[in-house]
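Each remark here refers to the structure printed beneath this line.
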Amino acid sequence: MNAKTSPVGKPLDRVDGPLKVQGQAQYASEFALPGLLYGSVVNSTIARGRIAHIHTRAAEAVPGVELVLTHENRPPIAGYDKPYEDDDAADGSPFRPLFNDRILYSGQPIALVVAENLELARYAGSLIKVEYEKENHATDLLANLEQMHEAPADLPDPRGDTQQALNSAAVKVEVEYTTPVEHHNPMEPHASTVHYLVDGKLEIYDKTQGVQNCMRYLEDVFDMKDQIRILSPYVGGAFGSGLRPQYQLPLAVMAALKLKRSVRVTLKRQQMFTFGYRPRSIQRLTIGAASDGQLQAIYHQAIAQTSTFEDFTEQEVEWSGMLYKCPNVELDYQLVPLDVYTPLDMRAPGATIGVYALECAMDELAYAANIDPVELRLKNFTTHNANEDKPYSSKALRECYEQGAERFGWSKRIMQPRSMQDGHQLVGWGMASGVWEAMQMPASAKACIDATGKLIVSSATTDIGTGTYTVMTQIAAEAMGFPMEQVEFKLGDSSMSEAPLQGGSFTVSSVGSAVQKACLELRRKLLDTVQQSPASPFSGKTLEEIDFADGWLFVKNDPEQKVRLTDIAVETGTMEAEASVEPGEERDGYATGTHSAVFVEVKVDEDTGMVKVSRVVSAIAAGRIVNPKTAGNQIVGGVVWGVGQALHEETQMDHQLGRFMNHNFAEYHIPVQADIGDIDVIFVEEHDEIVNALGSKGVGEIGIVGVAAAVSNAIFHATGKRVRDLPVTLDKLM
Ligand code: MOS
C-alpha cells in the first residue's frame with residue numbers, strides 16, 4: 001500500500017471513541033451477572049504486628065451478608081506456600097492477601113465482606129473489630145537510611161575514575177534532590193467481577209494491563225490450570241497500577257470459590273492508596289565539567305524505599321550514564337526496606353525520578369559554567385550509549401532541541417534569573433532532556449478474514465487508553481491493504497494470541513509487529529487461494545508482483561487485473577493466519593531509545609508563591625508515529641502528569657501511624673484544567689529500520705520524562721531559587 005492510501009501516520013480518531021463517549025464501553029465493574037454478590041475489603045489500621053483477634057460475628061449477622069472472609073476461614077490456597085511471581089513482580093516474596101495473621105503494612109487487606117449489595121457489604125465491614133498486637137514500624141525513608149542495601153539492579157560498571165575526574169574538574173555541582181511517594185490514580189479504580197460458571201471454571205472481568213499475566217497468576221495460586229479466562233476489553237487508565245494482579249482479584253476469586261457464586265470486588269478511591277506507588281527517593285549527584293561545559297564526570301546515587309518483602313527496582317540512575325558523552329561515570333542505587341507495601345511501576349518508572357535529578361543538575365551546571373542550557377546539552381550530545389557501549393539505532397534528540405527551541409522562542413531567553421517579568425509575575429523559561437527505552441517483547445497476533453469479508457485481528461493485549469485499538473487497526477489495514485472500516489481489532493481476552501503486559505511503551509513495537517506479520521501471512525494465503533485456478537491472472541505471480549490496496553488484490557504492473565478481497569473470502573469461507581514476532585537480531589548491535597526536549601514557561605506570583613505553567617513545548621523523537629493524534633494525546637497526558645509531579649503530587653505519610661493521610665482527591669492534588677496552559681507537541685522525523693519492522697518506538701512514557709525538571713528549572717529562572725524537593729509547592733518558594 002502506498003503512503004497516500006495507508007492509514008498509518010494519519011491523525012485518525014479513536015475507533016473506540018464513540019463507544020466510550022456513549023457509555024457503551026464496559027469496564028470491569030460494569031458487567032451484569034445473574035445472582036452477583038458484592039465484596040468490600042477491610043484494611044488494617046496498623047503498619048506492623050499481628051492480628052490477635054478479628055471479631056466478625058456482628059458483620060456475619062447482618063441480613064444479606066453471605067460471607068466474611070479472613071485469614072482464619074479462607075479456603076486453602078495451593079500457591080501460597082511458594083508465592084508466585086507475576087510478570088511484573090519485584091525480587092522477593094509477593095504479597096499474599098489473607099495469608100496469615102501478620103500485618104506487613106497499614107492498609108493491608110484483612111477481611112472481605114461479601115453481601116447482596118455493596119452498601120450492605122461496606123456497612124457490615126464497618127462492624128468488624130480487630131485486636132492487634134502492635135509492633136514498632138519504620139515507614140520514613142529519611143529516618144532509616146542506615147538500613148539501606150544495594151538494589152538488585154543490573155547497573156553498568158563504573159567507567160573511568162570518577163573521583164579523580166571530579167577532583168580536577170574546573171566546574172562542579174554537588175546536589176541532592178528528594179522526591180515524594182506518588183500514587184497512581186486512574187479514573188477507574190481496580191475491580192474484578194468473577195463469573196462462576198456451572199462447571200466451576202471462572203471467567204473474570206478485571207481491570208488490568210495484562211490479561212494473561214492475571215490468568216497465569218490465578219492458575220498458579222489457585223491451582224486452576226486452564227480454568228481461568230480473564231477479560232479486560234476497556235481499561236479506564238492504569239499507568240502501571242494494572243501491571244500486577246492486585247489484591248481485589250484473588251480476594252474475589254477466594255469468595256467465588258468458597259460460595260460457588262459470582263462475586264465482584266471493587267476498590268474505593270481510598271483503597272487505591274493501599275498498594276503500589278512511586279517510591280520516595282533521595283538522589284545525590286555530583287557533576288564535573290571543563291570550564292567550557294564539556295562533561296568530565298558524573299556520580300549519581302539514588303536511595304529509594306521498598307517493602308520488607310520485595311525489592312522494588314527500577315531504572316533510576318542508568319540514564320546518567322547514557323544520555324550524554326561523559327568519560328567518567330559512577331552509579332549507585334540503594335533500597336531501604338520499610339513497613340509499607342512494595343512500590344510499583346508508574347509511568348516511565350525510574351526515569352521520572354532519575355532524569356528529573358540529572359536534568360536539574362545539568363541546569364545547575366549550565367549556571368555554574370555560564371552556558372545556555374540547550375548549548376550545554378548540545379556540547380555533550382552523543383549517539384553512543386556508553387552504558388551498553390553501543391551506538392543508538394537512531395537518536396534524533398539534536399533535532400528535538402533545535403525544533404523545540406525554535407517553536408518555543410528559546411533564543412530570546414535572557415540567561416540571568418529574575419530577568420523576565422509579566423506585570424507583577426516573574427517569568428521563567430526552563431528546559432530538560434527526556435529519555436526512555438525503546439523495547440520490544442515477544443508477541444503474537446491472529447488475522448482472520450471472515451465470511452463477510454471483514455478482517456478481524458486479535459491479540460491478548462489491552463488498551464489502557466493509549467489508543468491500542470486504533471493503532472492496531474491502522475497497522476492491520478496498512479499491512480492488509482484494507483480500508484479502516486473493514487478492519488476490527490480485538491484485545492483484552494486471555495484466550496487470544498499471546499501478548500506481553502501493556503507497559504514499558506512496548507505495545508506498538510511488540511504487538512504491532514505481530515499484527516503486521518499476521519496480516520502479511522494472510523496476504524500470502526489469499527494469493528495462494530486465487531492462484532488455485534489455472535486461469536487466474538495471478539497464477540505464477542509472486543507476492544512482490546502483486547499488491548493489496550483499498551480492499552483489492554491486483555497485479556502491480558497491470559492494475560486492471562484485480563479481485564476484490566472480500567470476494568475471495570466469501571467464496572472460501574474464513575481464512576486465518578497467526579504470527580509471532582521476537583525482537584530481531586539486528587537490534588543486538590544497537591542501543592534503542594526514545595528522546596525528547598521539553599521547554600517550559602512558568603509564571604510565578606512573588607507575593608503568593610503560586611506557580612502557573614503557562615506554556616510547554618515537547619519535541620519527541622520516537623521513530624515512526626502510527627497515529628499523531630493518539631500519540632500526541634500520550635505526550636500531552638505525560639506533560640500534564642509531569643506538571644503534577646513538579647507542582648502537586650505527593651502522598652504524605654503520618655509516620656506516627658505509619659499510614660498515608662491524603663488518600664483522596666481532595667488532598668492528593670493533581671493538575672486540573674486551570675493549572676495547565678498551552679501544550680505543544682512536536683514529533684521530529686526519525687527513521688529507524690532496526691528497532692522493529694514498523695520503525696515505531698512507542699510513546700507511552702517519554703512524554704512525562706524531563707517535564708518536572710524543565711518546570712523546576714523554569715522556576716529557578718523565574719525566581720533565582722532552587723527548590724530541590726518535589727513537589728515545588730508555594731511554601732517552598734516563600
Ligand atoms: Mo507502564 S509504568 O509500564 O504502565
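Each chain in the C-alpha cells gets a letter, A, B, ..., in the order shown, and its residues are numbered from 1; ligands are numbered from 1 in order too.
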Sel. of alpha helix (DSSP H) residues, segment 589-731 of chain A, as a tab-separated table (two decimals) with N, CA and C atoms, in the first residue's frame:
chain	number	residue	atom	x	y	z
A	628	PRO	N	-0.55	10.34	14.83
A	628	PRO	CA	-0.13	11.55	15.54
A	628	PRO	C	-1.16	12.05	16.55
A	629	LYS	N	-2.43	11.68	16.36
A	629	LYS	CA	-3.45	12.15	17.30
A	629	LYS	C	-3.38	11.37	18.61
A	630	THR	N	-3.41	10.04	18.53
A	630	THR	CA	-3.35	9.26	19.78
A	630	THR	C	-1.97	9.40	20.42
A	631	ALA	N	-0.92	9.46	19.59
A	631	ALA	CA	0.43	9.63	20.14
A	631	ALA	C	0.55	11.00	20.79
A	632	GLY	N	-0.02	12.00	20.14
A	632	GLY	CA	0.00	13.34	20.71
A	632	GLY	C	-0.73	13.39	22.05
A	633	ASN	N	-1.84	12.66	22.13
A	633	ASN	CA	-2.58	12.57	23.41
A	633	ASN	C	-1.69	11.98	24.49
A	634	GLN	N	-0.88	10.98	24.13
A	634	GLN	CA	0.02	10.36	25.10
A	634	GLN	C	1.01	11.38	25.65
A	635	ILE	N	1.54	12.19	24.73
A	635	ILE	CA	2.55	13.17	25.16
A	635	ILE	C	1.89	14.24	26.03
A	636	VAL	N	0.73	14.73	25.60
A	636	VAL	CA	0.03	15.75	26.40
A	636	VAL	C	-0.27	15.20	27.80
A	637	GLY	N	-0.77	13.96	27.85
A	637	GLY	CA	-1.05	13.33	29.15
A	637	GLY	C	0.20	13.23	30.00
A	638	GLY	N	1.31	12.87	29.37
A	638	GLY	CA	2.58	12.77	30.09
A	638	GLY	C	3.03	14.13	30.62
A	639	VAL	N	2.85	15.17	29.80
A	639	VAL	CA	3.26	16.52	30.23
A	639	VAL	C	2.41	16.95	31.42
A	640	VAL	N	1.11	16.70	31.36
A	640	VAL	CA	0.22	17.10	32.46
A	640	VAL	C	0.66	16.38	33.74
A	641	TRP	N	0.96	15.10	33.61
A	641	TRP	CA	1.40	14.34	34.78
A	641	TRP	C	2.74	14.87	35.29
A	642	GLY	N	3.60	15.27	34.35
A	642	GLY	CA	4.88	15.85	34.75
A	642	GLY	C	4.69	17.15	35.52
A	643	VAL	N	3.71	17.94	35.11
A	643	VAL	CA	3.38	19.16	35.85
A	643	VAL	C	2.89	18.78	37.24
A	644	GLY	N	2.09	17.72	37.32
A	644	GLY	CA	1.63	17.22	38.62
A	644	GLY	C	2.80	16.81	39.50
A	645	GLN	N	3.75	16.11	38.89
A	645	GLN	CA	4.94	15.68	39.63
A	645	GLN	C	5.72	16.90	40.13
A	646	ALA	N	5.82	17.92	39.29
A	646	ALA	CA	6.61	19.09	39.64
A	646	ALA	C	5.94	19.94	40.72
A	647	LEU	N	4.63	20.09	40.64
A	647	LEU	CA	3.96	21.10	41.47
A	647	LEU	C	2.95	20.56	42.47
A	707	VAL	N	9.84	16.48	32.25
A	707	VAL	CA	8.91	17.61	32.45
A	707	VAL	C	9.13	18.27	33.82
A	708	ALA	N	9.22	17.44	34.87
A	708	ALA	CA	9.38	18.01	36.22
A	708	ALA	C	10.68	18.80	36.32
A	709	ALA	N	11.72	18.32	35.63
A	709	ALA	CA	12.99	19.06	35.65
A	709	ALA	C	12.84	20.38	34.92
A	710	ALA	N	12.19	20.35	33.76
A	710	ALA	CA	12.02	21.59	32.98
A	710	ALA	C	11.21	22.61	33.77
A	711	VAL	N	10.18	22.15	34.49
A	711	VAL	CA	9.38	23.06	35.31
A	711	VAL	C	10.25	23.63	36.44
A	712	SER	N	11.00	22.74	37.13
A	712	SER	CA	11.85	23.20	38.23
A	712	SER	C	12.89	24.20	37.73
A	713	ASN	N	13.46	23.91	36.57
A	713	ASN	CA	14.47	24.80	36.01
A	713	ASN	C	13.86	26.15	35.64
A	714	ALA	N	12.62	26.11	35.13
A	714	ALA	CA	11.93	27.36	34.79
A	714	ALA	C	11.64	28.17	36.06
A	715	ILE	N	11.31	27.47	37.13
A	715	ILE	CA	11.05	28.17	38.41
A	715	ILE	C	12.33	28.84	38.92
A	716	PHE	N	13.44	28.16	38.75
A	716	PHE	CA	14.72	28.78	39.14
A	716	PHE	C	14.97	30.03	38.30
A	717	HIS	N	14.73	29.89	37.01
A	717	HIS	CA	14.97	31.02	36.10
A	717	HIS	C	14.07	32.21	36.47
A	718	ALA	N	12.85	31.89	36.88
A	718	ALA	CA	11.91	32.96	37.25
A	718	ALA	C	12.31	33.62	38.56
A	719	THR	N	12.70	32.79	39.54
A	719	THR	CA	12.81	33.29	40.92
A	719	THR	C	14.24	33.37	41.45
A	730	LEU	N	4.03	26.11	47.05
A	730	LEU	CA	4.32	27.54	47.24
A	730	LEU	C	5.07	27.83	48.54
A	731	ASP	N	4.87	27.00	49.58
A	731	ASP	CA	5.57	27.25	50.84
A	731	ASP	C	7.09	27.18	50.64
Please report, as JSON lines, each residue of segment 118-164 of chain A lying at most 8 Å from segment 311-332 of chain A, together with the nearest pair of atoms and the separation in Å rounded to one decimal; use only C-alpha atoms, and order rows by chain and ascending residue number.
{"residue": "A:Glu150", "atom": "CA", "partner": "A:Asp332", "partner_atom": "CA", "distance": 7.9}
{"residue": "A:Ala151", "atom": "CA", "partner": "A:Thr313", "partner_atom": "CA", "distance": 6.4}
{"residue": "A:Pro152", "atom": "CA", "partner": "A:Thr313", "partner_atom": "CA", "distance": 6.8}
{"residue": "A:Ala153", "atom": "CA", "partner": "A:Thr313", "partner_atom": "CA", "distance": 6.4}
{"residue": "A:Leu155", "atom": "CA", "partner": "A:Glu318", "partner_atom": "CA", "distance": 6.8}
{"residue": "A:Pro156", "atom": "CA", "partner": "A:Glu318", "partner_atom": "CA", "distance": 7.6}
{"residue": "A:Asp157", "atom": "CA", "partner": "A:Glu330", "partner_atom": "CA", "distance": 7.6}
{"residue": "A:Pro158", "atom": "CA", "partner": "A:Glu330", "partner_atom": "CA", "distance": 4.6}
{"residue": "A:Arg159", "atom": "CA", "partner": "A:Asn328", "partner_atom": "CA", "distance": 5.2}
{"residue": "A:Gly160", "atom": "CA", "partner": "A:Asn328", "partner_atom": "CA", "distance": 4.4}
{"residue": "A:Asp161", "atom": "CA", "partner": "A:Asn328", "partner_atom": "CA", "distance": 5.7}
{"residue": "A:Thr162", "atom": "CA", "partner": "A:Asn328", "partner_atom": "CA", "distance": 4.8}
Once you count only C-alpha atoms and all ligand atoms, which residues end up within 9 Å of ligand 1, and could you hand them over as a ChimeraX atom specification? /A:209,238-243,344-349,464,501-506,700-701
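Neighbours of segment 362-369 of chain A closer than or equal to 9 Å, with only C-alpha atoms counted and sequence neighbours fewer than 5 positions away skipped, come out as A:Ala170, A:Val171, A:Lys172, A:Val173, A:Val175, A:Ile287, A:Gly288, A:Ala289, A:Ala290, A:Ser291, A:Asp292, A:Gly293, A:Ala357, A:Val374, A:Glu375, A:Leu376, A:Arg377, A:Met415, A:Gln416, A:Gly430, A:Met431, A:Ala432, A:Ala709, A:Ala710, A:Asn713, A:Arg722.
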Grab the residues selected above and save them as a PDB file, in the first residue's frame with N, CA and C atoms.
ATOM      1  N   ALA A 170      37.023  21.704  36.463  1.00  0.00           N
ATOM      2  CA  ALA A 170      37.031  23.170  36.607  1.00  0.00           C
ATOM      3  C   ALA A 170      35.711  23.673  37.202  1.00  0.00           C
ATOM      4  N   VAL A 171      34.624  23.016  36.804  1.00  0.00           N
ATOM      5  CA  VAL A 171      33.299  23.416  37.307  1.00  0.00           C
ATOM      6  C   VAL A 171      32.663  22.170  37.918  1.00  0.00           C
ATOM      7  N   LYS A 172      32.025  22.377  39.058  1.00  0.00           N
ATOM      8  CA  LYS A 172      31.458  21.211  39.725  1.00  0.00           C
ATOM      9  C   LYS A 172      30.144  21.595  40.393  1.00  0.00           C
ATOM     10  N   VAL A 173      29.150  20.721  40.282  1.00  0.00           N
ATOM     11  CA  VAL A 173      27.960  20.892  41.113  1.00  0.00           C
ATOM     12  C   VAL A 173      27.755  19.619  41.920  1.00  0.00           C
ATOM     13  N   VAL A 175      24.819  18.136  44.371  1.00  0.00           N
ATOM     14  CA  VAL A 175      23.445  18.473  44.758  1.00  0.00           C
ATOM     15  C   VAL A 175      22.672  17.232  45.207  1.00  0.00           C
ATOM     16  N   ILE A 287      28.429  16.461  39.481  1.00  0.00           N
ATOM     17  CA  ILE A 287      28.814  16.547  38.072  1.00  0.00           C
ATOM     18  C   ILE A 287      30.007  17.477  37.955  1.00  0.00           C
ATOM     19  N   GLY A 288      31.011  17.016  37.224  1.00  0.00           N
ATOM     20  CA  GLY A 288      32.192  17.843  36.981  1.00  0.00           C
ATOM     21  C   GLY A 288      32.338  18.101  35.494  1.00  0.00           C
ATOM     22  N   ALA A 289      32.734  19.310  35.142  1.00  0.00           N
ATOM     23  CA  ALA A 289      32.907  19.662  33.732  1.00  0.00           C
ATOM     24  C   ALA A 289      34.102  20.582  33.562  1.00  0.00           C
ATOM     25  N   ALA A 290      34.598  20.636  32.330  1.00  0.00           N
ATOM     26  CA  ALA A 290      35.617  21.629  31.992  1.00  0.00           C
ATOM     27  C   ALA A 290      34.947  22.999  31.969  1.00  0.00           C
ATOM     28  N   SER A 291      35.752  24.055  31.906  1.00  0.00           N
ATOM     29  CA  SER A 291      35.152  25.395  32.002  1.00  0.00           C
ATOM     30  C   SER A 291      34.243  25.695  30.814  1.00  0.00           C
ATOM     31  N   ASP A 292      34.440  24.986  29.696  1.00  0.00           N
ATOM     32  CA  ASP A 292      33.558  25.199  28.542  1.00  0.00           C
ATOM     33  C   ASP A 292      32.293  24.342  28.615  1.00  0.00           C
ATOM     34  N   GLY A 293      32.124  23.608  29.719  1.00  0.00           N
ATOM     35  CA  GLY A 293      30.913  22.817  29.892  1.00  0.00           C
ATOM     36  C   GLY A 293      31.036  21.360  29.458  1.00  0.00           C
ATOM     37  N   ALA A 357      16.340  14.363  38.418  1.00  0.00           N
ATOM     38  CA  ALA A 357      17.540  14.794  39.154  1.00  0.00           C
ATOM     39  C   ALA A 357      18.670  15.159  38.197  1.00  0.00           C
ATOM     40  N   VAL A 374      20.575  24.731  26.652  1.00  0.00           N
ATOM     41  CA  VAL A 374      20.473  23.923  25.419  1.00  0.00           C
ATOM     42  C   VAL A 374      21.870  23.708  24.843  1.00  0.00           C
ATOM     43  N   GLU A 375      22.660  24.774  24.862  1.00  0.00           N
ATOM     44  CA  GLU A 375      24.021  24.672  24.325  1.00  0.00           C
ATOM     45  C   GLU A 375      24.840  23.642  25.115  1.00  0.00           C
ATOM     46  N   LEU A 376      24.636  23.638  26.438  1.00  0.00           N
ATOM     47  CA  LEU A 376      25.362  22.667  27.277  1.00  0.00           C
ATOM     48  C   LEU A 376      25.028  21.239  26.844  1.00  0.00           C
ATOM     49  N   ARG A 377      23.756  21.002  26.561  1.00  0.00           N
ATOM     50  CA  ARG A 377      23.357  19.652  26.165  1.00  0.00           C
ATOM     51  C   ARG A 377      23.875  19.306  24.778  1.00  0.00           C
ATOM     52  N   MET A 415      19.614  34.736  30.084  1.00  0.00           N
ATOM     53  CA  MET A 415      20.131  33.694  30.983  1.00  0.00           C
ATOM     54  C   MET A 415      19.899  34.023  32.467  1.00  0.00           C
ATOM     55  N   GLN A 416      20.087  35.280  32.789  1.00  0.00           N
ATOM     56  CA  GLN A 416      20.021  35.732  34.182  1.00  0.00           C
ATOM     57  C   GLN A 416      18.662  35.428  34.834  1.00  0.00           C
ATOM     58  N   GLY A 430      12.552  27.291  31.290  1.00  0.00           N
ATOM     59  CA  GLY A 430      13.463  26.190  31.611  1.00  0.00           C
ATOM     60  C   GLY A 430      13.303  25.073  30.619  1.00  0.00           C
ATOM     61  N   MET A 431      14.290  24.229  30.550  1.00  0.00           N
ATOM     62  CA  MET A 431      14.206  23.096  29.623  1.00  0.00           C
ATOM     63  C   MET A 431      14.875  21.873  30.241  1.00  0.00           C
ATOM     64  N   ALA A 432      14.618  20.730  29.632  1.00  0.00           N
ATOM     65  CA  ALA A 432      15.270  19.488  30.044  1.00  0.00           C
ATOM     66  C   ALA A 432      15.196  18.497  28.899  1.00  0.00           C
ATOM     67  N   ALA A 709      11.724  18.324  35.632  1.00  0.00           N
ATOM     68  CA  ALA A 709      12.995  19.060  35.648  1.00  0.00           C
ATOM     69  C   ALA A 709      12.842  20.383  34.917  1.00  0.00           C
ATOM     70  N   ALA A 710      12.189  20.350  33.757  1.00  0.00           N
ATOM     71  CA  ALA A 710      12.022  21.586  32.978  1.00  0.00           C
ATOM     72  C   ALA A 710      11.212  22.609  33.774  1.00  0.00           C
ATOM     73  N   ASN A 713      13.457  23.909  36.573  1.00  0.00           N
ATOM     74  CA  ASN A 713      14.472  24.800  36.014  1.00  0.00           C
ATOM     75  C   ASN A 713      13.864  26.154  35.637  1.00  0.00           C
ATOM     76  N   ARG A 722      16.456  27.680  43.918  1.00  0.00           N
ATOM     77  CA  ARG A 722      16.497  26.258  43.564  1.00  0.00           C
ATOM     78  C   ARG A 722      15.740  25.479  44.621  1.00  0.00           C
TER      79      ARG A 722
END
Give me the residues within 7 Å of segment 477-484 of chain A as a compact mmCIF listing (two decimals) with C-alpha atoms, in the first residue's frame, counting only C-alpha atoms and dropping any in the same chain fewer than 5 places off.
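Written out: result19.txt:
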# COMPACT_ATOMS: atom_id res chain seq x y z
CA MET A 1 0.00 0.00 0.00
CA SER A 6 -2.18 3.92 4.10
CA PRO A 7 -3.92 4.94 7.32
CA VAL A 8 -0.59 4.68 9.18
CA GLN A 516 1.72 -6.64 10.78
CA CYS A 519 -1.58 -9.77 8.08
CA LEU A 520 1.34 -10.26 5.72
CA ARG A 523 -1.83 -11.92 2.22
CA PHE A 548 -3.17 -5.03 -1.93
CA ALA A 549 -4.94 -1.68 -1.67
CA ASP A 550 -8.39 -0.37 -0.79
CA GLY A 551 -9.71 -3.89 -0.43
If you run DSSP over the backbone, which residues in segment 42-252 of chain A end up strand (DSSP E)? Put them as a ChimeraX atom specification. /A:42-43,49-55,65-69,91-92,102-103,109-115,129-134,149-150,171-179,191-196,202-206,228-231
Could those residues be written to a file, using C-alpha atoms, as a PDB file, in the first residue's frame?
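Result file is part_23.pdb:
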ATOM      1  CA  VAL A  42     -11.498  -4.188  55.186  1.00  0.00           C
ATOM      2  CA  ASN A  43      -7.960  -2.869  55.596  1.00  0.00           C
ATOM      3  CA  GLY A  49       2.336  -6.526  64.026  1.00  0.00           C
ATOM      4  CA  ARG A  50      -0.262  -9.279  64.043  1.00  0.00           C
ATOM      5  CA  ILE A  51      -3.983  -9.768  64.322  1.00  0.00           C
ATOM      6  CA  ALA A  52      -4.658 -11.224  67.780  1.00  0.00           C
ATOM      7  CA  HIS A  53      -8.410 -11.438  67.302  1.00  0.00           C
ATOM      8  CA  ILE A  54     -10.724 -10.483  64.497  1.00  0.00           C
ATOM      9  CA  HIS A  55     -14.363 -10.280  65.509  1.00  0.00           C
ATOM     10  CA  VAL A  65     -24.255 -10.864  54.245  1.00  0.00           C
ATOM     11  CA  GLU A  66     -23.156 -14.155  52.693  1.00  0.00           C
ATOM     12  CA  LEU A  67     -19.586 -14.409  53.842  1.00  0.00           C
ATOM     13  CA  VAL A  68     -16.880 -12.734  55.866  1.00  0.00           C
ATOM     14  CA  LEU A  69     -13.544 -13.998  54.710  1.00  0.00           C
ATOM     15  CA  ASP A  91      12.643  -9.645  43.592  1.00  0.00           C
ATOM     16  CA  GLY A  92      11.355 -11.241  46.773  1.00  0.00           C
ATOM     17  CA  ARG A 102       0.869 -10.901  60.115  1.00  0.00           C
ATOM     18  CA  ILE A 103       0.427  -7.222  59.285  1.00  0.00           C
ATOM     19  CA  PRO A 109      -6.477  -6.162  53.304  1.00  0.00           C
ATOM     20  CA  ILE A 110      -7.503  -8.241  56.337  1.00  0.00           C
ATOM     21  CA  ALA A 111     -11.086  -9.203  55.529  1.00  0.00           C
ATOM     22  CA  LEU A 112     -13.526  -9.395  52.642  1.00  0.00           C
ATOM     23  CA  VAL A 113     -17.227  -8.985  53.356  1.00  0.00           C
ATOM     24  CA  VAL A 114     -19.493 -10.419  50.665  1.00  0.00           C
ATOM     25  CA  ALA A 115     -23.156  -9.426  50.568  1.00  0.00           C
ATOM     26  CA  LYS A 129     -13.447  -5.246  65.223  1.00  0.00           C
ATOM     27  CA  VAL A 130      -9.797  -6.128  65.254  1.00  0.00           C
ATOM     28  CA  GLU A 131      -7.461  -6.587  68.206  1.00  0.00           C
ATOM     29  CA  TYR A 132      -3.918  -6.079  67.068  1.00  0.00           C
ATOM     30  CA  GLU A 133      -0.601  -6.872  68.678  1.00  0.00           C
ATOM     31  CA  LYS A 134       1.258  -3.821  67.502  1.00  0.00           C
ATOM     32  CA  HIS A 149      21.215  -2.149  50.891  1.00  0.00           C
ATOM     33  CA  GLU A 150      22.204  -2.333  47.254  1.00  0.00           C
ATOM     34  CA  VAL A 171      33.299  23.416  37.307  1.00  0.00           C
ATOM     35  CA  LYS A 172      31.458  21.211  39.725  1.00  0.00           C
ATOM     36  CA  VAL A 173      27.960  20.892  41.113  1.00  0.00           C
ATOM     37  CA  GLU A 174      27.150  18.688  44.050  1.00  0.00           C
ATOM     38  CA  VAL A 175      23.445  18.473  44.758  1.00  0.00           C
ATOM     39  CA  GLU A 176      20.780  16.396  46.454  1.00  0.00           C
ATOM     40  CA  TYR A 177      17.164  16.018  45.347  1.00  0.00           C
ATOM     41  CA  THR A 178      14.238  14.389  47.090  1.00  0.00           C
ATOM     42  CA  THR A 179      11.019  13.138  45.545  1.00  0.00           C
ATOM     43  CA  ALA A 191     -12.221  -4.007  40.167  1.00  0.00           C
ATOM     44  CA  SER A 192     -12.738  -7.692  39.472  1.00  0.00           C
ATOM     45  CA  THR A 193     -16.036  -9.303  38.504  1.00  0.00           C
ATOM     46  CA  VAL A 194     -15.726 -13.070  38.834  1.00  0.00           C
ATOM     47  CA  HIS A 195     -18.269 -15.095  36.886  1.00  0.00           C
ATOM     48  CA  TYR A 196     -18.586 -18.532  38.486  1.00  0.00           C
ATOM     49  CA  LEU A 202     -14.036 -18.777  36.186  1.00  0.00           C
ATOM     50  CA  GLU A 203     -14.488 -16.001  33.666  1.00  0.00           C
ATOM     51  CA  ILE A 204     -13.220 -12.791  35.173  1.00  0.00           C
ATOM     52  CA  TYR A 205     -13.599  -9.181  34.107  1.00  0.00           C
ATOM     53  CA  ASP A 206     -10.581  -7.476  35.598  1.00  0.00           C
ATOM     54  CA  ILE A 228      -9.447 -19.209  34.192  1.00  0.00           C
ATOM     55  CA  ARG A 229     -10.257 -16.699  31.491  1.00  0.00           C
ATOM     56  CA  ILE A 230      -9.598 -13.009  32.017  1.00  0.00           C
ATOM     57  CA  LEU A 231     -11.410 -10.342  30.060  1.00  0.00           C
TER      58      LEU A 231
END
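Residues lying within 7 Å of segment 676-683 of chain A, counting only C-alpha atoms and ignoring same-chain neighbours fewer than 6 positions away, are Val613, Ser614, Arg615, Val616, Val617, Ser618, Ala619, Ile620, Ala621, Gly632 and Val636 of chain A.
Picture a line from atom CA of Val427 of chain A to atom CA of Asp605 of chain A; it runs 9.1 Å.
With only C-alpha atoms as the atoms that count, the residue of A:Pro583, A:Gly276, A:Pro442, A:Pro671 with the shortest distance to Tyr341 of chain A is A:Gly276.
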If we count only C-alpha atoms, what is near segment 22-38 of chain A at a cut-off of 8 Å, once residues fewer than 2 positions away on the same chain are taken out, given as a PyMOL selection string? chain A and resi 18-20+40+114-118+121+191-193+195+205-207+232-236+261-266
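Of the residues under consideration (A:Ala597, A:Val604, A:Val611, A:Ala304), A:Ala597 shows the shortest atom-to-atom contact distance to Arg398 of chain A when counting only C-alpha atoms.
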Excluding His595 of chain A and its own-chain neighbours fewer than 4 positions away, which residues fall within 8 Å of it when counting only C-alpha atoms? Please give them as a ChimeraX atom specification. /A:395-397,400,433-436,620-622,702
For C-alpha atoms, I'd like the residues from the last selection saved as a short mmCIF file (atom, residue, chain, number, x, y, z; two decimals), in the first residue's frame.
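To be explicit, this is the file written out as result-v8.cif:
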data_model
loop_
_atom_site.label_atom_id
_atom_site.label_comp_id
_atom_site.auth_asym_id
_atom_site.auth_seq_id
_atom_site.Cartn_x
_atom_site.Cartn_y
_atom_site.Cartn_z
CA LYS A 395 18.65 9.32 18.19
CA ALA A 396 17.09 12.46 16.76
CA LEU A 397 17.49 14.31 20.06
CA CYS A 400 14.31 17.79 19.31
CA SER A 433 16.00 16.39 28.01
CA GLY A 434 13.96 13.24 28.27
CA VAL A 435 14.89 9.65 27.51
CA TRP A 436 13.16 6.29 27.64
CA ILE A 620 9.70 13.98 20.73
CA ALA A 621 11.84 11.54 18.74
CA ALA A 622 10.17 8.13 18.79
CA ILE A 702 8.53 9.50 27.07
#
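Our summary of the geometry notes that atom CA of Asp220 of chain A is positioned 15.3 Å from atom CA of Asp88 of chain A.
With only C-alpha atoms as the atoms that count, the minimum distance from His655 of chain A to the choices A:Val684, A:Val340, A:Val705, A:Leu378 is reached by A:Val340.
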Using only C-alpha atoms, find the one residue out of A:Glu437, A:Glu650, A:Glu388, A:Glu586 that sits nearest to His183 of chain A. A:Glu650
